[in-house]
Every structure is written in structure tokens, then in C-alpha cells.
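Remarks on the structure that follows.
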Amino acid sequence: MNKPIILSEDVNAVPIVVEGEAAVKAQPAGPAMMVLGALSVSHCLNDIMQSLIFAIYPILKENYALDFTQIGLITLAFMFTSSLLQPLVGLYTDRNPKPFSLALGMGFTFIGMLLFSVAHVYGVILIAAGLVGMGSAIFHPEASRVARAASGGRFGFAQSVFQVGGNFGSALGPVLAALIVVPLGQGAISLFSLIAAAAMFILWRIGIWYKPRIMPRVAKKAAREAIHLSSRRVNFALVVLMVLLFSKAFYLSSISSYYTLYLIHKFDVSTQTAQIYLFVFLASSAVGTFIGGPLGDRFGRKYVIWFSILGALPFTLALPYAGLVGTLMLSILIGLVIASAMPAIIVYAQELMPHRFGMVSGLFFGLVFGIGGIGAAVLGYVADRAGIDFVYQVCAFLPAIGLLAVFLPRLKYRAA
């Protein structure tokens, strides 16, 4: 059986690993809950501002007569910096840990929010989107590493606590935009810079906690020997994880981007009702994210990855043919099941490359952003030509890619 693997490293040290119940007893202390809670709150604040960009598109389009291509370029500016820079930032901080880089990264988001509030030129809007993306690129890989350092050996649990904050932030962003920015106008975006300032303070305090816990980077060869896998096996497993992440992110993109339009088209519900249904789905995804990590700690991450992606298949196949109530119930189940994969995928990838926590975290978080953006564009093109119903019928088969989890190796560690 694939038992949970508990690593007792702090940041970049080669782990001394035992398995099963003995591993839990060997841990000197539990998770640093204050630190994990602060990271989760910071993640929530970061993703509120992130999701705000997409929520204010109608305002920007109306104010500056933007076409859909220009709107797409705003998304590209954000995605380019947030997706492509994340693994590079992670690689750099693997070699040169920076305990206060989290607060610095949030500073870019702070400036980006202020620019959005005063931008009256399209070029400035693009710069603002790029700055928010840059702040996100700096935040995610290093915050994921700090979560691991604060885990007390419960790595899946720590990732779940960290990631669930981002899920709730993504759900809250559009709601806050509707309540604040829509009635008050573009200038009200400056109020969200206060959120960035609060996050900077929290992350500075986290940096103070984290600084004395940074350990010297160990040799690459020694780290790989710790998991007793060849570099070829490690690289193959990472490719499998990326493909699994593609199926998850692409399907979730079909719901997060077009779910409201699908409900309005198929069931003739009001926009408000559709938004409530979307919020319920996003909330269920947040719950799924929270439970996925602890389940991986308890039963093994490979099994959670297998179940969370492939297990959603019966529900995704049924969704296009369900009534309104059935659609709501199925979307809740899909959110719960499929979202539980992310913490398990991140921790499994970190365990494959224990000398590259930041790079691996940045790579996989960046993939989520990138695939989500590409998926939204591709699915929009398909929906224009074949209809939104066809999009959901085709995307229903994406979780079948979860069968590839059978190729993930069991991680066996040498005691150091």
C-alpha cells in the first residue's frame, strides 16, 4: 500500500524519512498553525485582487471602448508574468532563499492596484495587469515553501490550508467587485490596494518567522538519492503530473469561465441566480482543496490523485444531461472531488524533487494559471462555433486522463 510519506526537512535539507504511524510519532511538533493561518489569509487576499482583474473587464470595456482582443491582451499580460515567472522565481529562491520576498512581491500587486484605479491609457492598464501577475509569481512558490516549513511533517494538510485561502479569495473577488467597484467606479479599485498593504504586513511577519528556519541548500545528487529514483523516473513522473494537472485545470476552466453562461443558456435563469450557482461551485472546490491534503497524508498522495481526477468522471459525464437541480448537485460533487487533487499533486511533486521545492511549486502553480487562461480562450472559440452545450459534452471526458496516475511511482525513501 502507498503509505503517506513524512519528510522531516525544514526547507531544502535532504529528508530523513520514515513511513506509517511511526513517522507521525517521530515528529517533534505539529504544524505551526498561526503561520499556516497567516499564509492562508495572505493567499486569500492575493487571489481576491487577482480575480478582481477579470471581474472589472466589463467596466474597462465600457469606459475605454475596448474590443475582445484588447481584453484578451490584458489577460495575456497578467498570465504571462504570473505563469512564466513562477518557476523562474522558484528556481532562484531555491538557490538564494529570500525570507522577505513575499512582502516584496505583494508590493508589486499594491502598485498594480493603484495603477488600475487611475489608468486612463490602455498601455497603463497592461502594465498594471503585468504588475499584479508579477506579485502573484513571487508569492506562490515561496509561500508554498514556507507552508512546508510550517507543516510539522503534515505536508498535505499544510498545502491544503495554504491553498484553500486562494480558493476563497477567487470566489470573493467577483462578489467584492460587484459590491464596490461596479457602483463606485474604476477609482474604487484603489481601495483594494489597502488589502495589498495588509497582506504585505502579514507576509513581513511571516518572513521574520521564516528567516531563522532557512537551511543551506544540499547537493542535487544527494537529494535525488533520498527518494531512490533515477532522474529519468523523476522526469517521467513530473510529466505525468503535468498531464493530470492539465485535465483538472482545463475542466475547471470550462466551469469557472462559462458556467454562468451555460446556466443562462440552458435553463434561462437570471444572471444573479447563475452567479450564486457559480459561487456554490467555487465554495465546494475550496472545501475539496482543504480535505485533499490531509487525505493524502493519511492514505497516500498517489491514491488521492487517482481518485480526485478519475473519480470526478461519472459526475462530469452526467452533468450535460442533468436538470437545473441536478446540475447544482453534480457541480458540488465535481468541485469537491476534482479540487482535492491540487494539494496532493504539489506535495507529490515536491517529494520527487526535494532540492527544488520553490521551482516545482512555481512550475505547477504557473501551469494552473497558464492552462486556465489557454483553456478559457480555446473553449470560448469552440463555444462560438459549436455551442456551449457541446463544450460541456466534450470536456466531460477530460477526467478520464486520470487513468495516467497508474504510472506514478511509489516513493521509497532511504533514511539519511
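Chain labels A, B, ... are given in the sequence in which chains occur in the C-alpha cells; within each chain residues are numbered consecutively from 1, and ligands are likewise numbered from 1 in the order shown.
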
Neighbour list for Lys302 (chain A) as a ChimeraX atom specification, cut-off 10 Å, only C-alpha atoms, skip fewer than 6 positions in-chain: /A:2-4,296,341,344-345,348,405-411

With a distance cut-off of 12 Å and only C-alpha atoms, select the neighbouring residues of Phe201 (chain A), excluding the residue or stretch itself and same-chain residues fewer than 6 positions from it, and output the selection as a PyMOL selection string. chain A and resi 38-39+41-42+45+100+102-107+110+194-195+207-208

Run DSSP on the backbone and tell me which residues of region 4-235 of chain A come out as helix (DSSP H, G or I); list them as an MDAnalysis selection string. chainID A and resid 21:26 33:55 57:64 68:95 101:118 122:149 155:184 186:213 220:227 231:235

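When only C-alpha atoms are used to compute distances to Leu179 (chain A), the closest of the residues A:Val121, A:Leu91, A:Ile56, A:Leu245 turns out to be A:Ile56.
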
Nearest residue to Ser51 (chain A) out of A:Thr109, A:Gln163, A:Ser170, A:Ser151, using only C-alpha atoms? A:Ser170

Closest of A:Thr271, A:Ser308, A:Asn167, A:Gln86 to Gly402 (chain A) - atom-to-atom distances counting only C-alpha atoms: A:Ser308

Pick out the residues sitting within 8 Å of Asn46 (chain A), and hand them over as a PDB file with N, CA and C atoms, in the first residue's frame; count only C-alpha atoms, and ignore anything fewer than 6 positions along from it in its own chain.
ATOM      1  N   MET A 106       4.209  41.204  -2.874  1.00  0.00           N
ATOM      2  CA  MET A 106       2.908  41.842  -2.669  1.00  0.00           C
ATOM      3  C   MET A 106       2.983  43.339  -2.944  1.00  0.00           C
ATOM      4  N   SER A 136       1.921  37.905  -8.005  1.00  0.00           N
ATOM      5  CA  SER A 136       1.459  36.535  -7.835  1.00  0.00           C
ATOM      6  C   SER A 136       2.585  35.541  -8.105  1.00  0.00           C
ATOM      7  N   GLY A 166      -6.614  30.678  -1.148  1.00  0.00           N
ATOM      8  CA  GLY A 166      -6.690  31.153  -2.520  1.00  0.00           C
ATOM      9  C   GLY A 166      -8.028  30.851  -3.169  1.00  0.00           C
ATOM     10  N   GLY A 169     -10.484  33.326  -1.884  1.00  0.00           N
ATOM     11  CA  GLY A 169     -10.195  34.631  -2.453  1.00  0.00           C
ATOM     12  C   GLY A 169     -10.696  34.760  -3.877  1.00  0.00           C
ATOM     13  N   ALA A 196      -3.780  44.850  -0.287  1.00  0.00           N
ATOM     14  CA  ALA A 196      -2.387  44.505  -0.575  1.00  0.00           C
ATOM     15  C   ALA A 196      -1.469  44.977   0.542  1.00  0.00           C
ATOM     16  N   ALA A 199      -1.769  42.611   3.409  1.00  0.00           N
ATOM     17  CA  ALA A 199      -1.065  41.367   3.095  1.00  0.00           C
ATOM     18  C   ALA A 199       0.441  41.547   3.206  1.00  0.00           C
TER      19      ALA A 199
END

Would you list the contacts of Ser284 (chain A) as a PyMOL selection string, taking every protein, DNA or RNA residue within 12 Å and counting only C-alpha atoms, but skipping same-chain residues closer than 5 positions in sequence? chain A and resi 164+167-168+171+277-279+289-291+328-340

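CA of Ile180 (chain A) to CA of Ile59 (chain A) spans 12.2 Å [interatomic distance, one decimal].
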
I want to know what sits within 10 Å of Ala396 (chain A), based on only C-alpha atoms, with residues of the same chain fewer than 4 positions away left out; could you give that as a ChimeraX atom specification? /A:251,254,312-320,390-392,400

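Residue nearest Gly72 (chain A) within the list A:Ala376, A:Leu404, A:Val35, A:Leu84: A:Ala376 [criterion: smallest interatomic distance, only C-alpha atoms].
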
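The gap separating CA of Val132 (chain A) from CA of Gln50 (chain A) is 7.0 Å, in Å to one decimal.
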
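Reported to one decimal place, the separation of CA of Gly112 (chain A) from CA of Pro343 (chain A) is 28.6 Å.
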
Between A:Trp306, A:Phe250, A:Phe281, A:Phe267, smallest distance to Val378 (chain A) by only C-alpha atoms belongs to A:Phe250

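You can rank A:Ala377, A:Ala274, A:Leu367, A:Val234 by their closest distance to Leu324 (chain A) using only C-alpha atoms, and at the top of that list sits A:Ala274.
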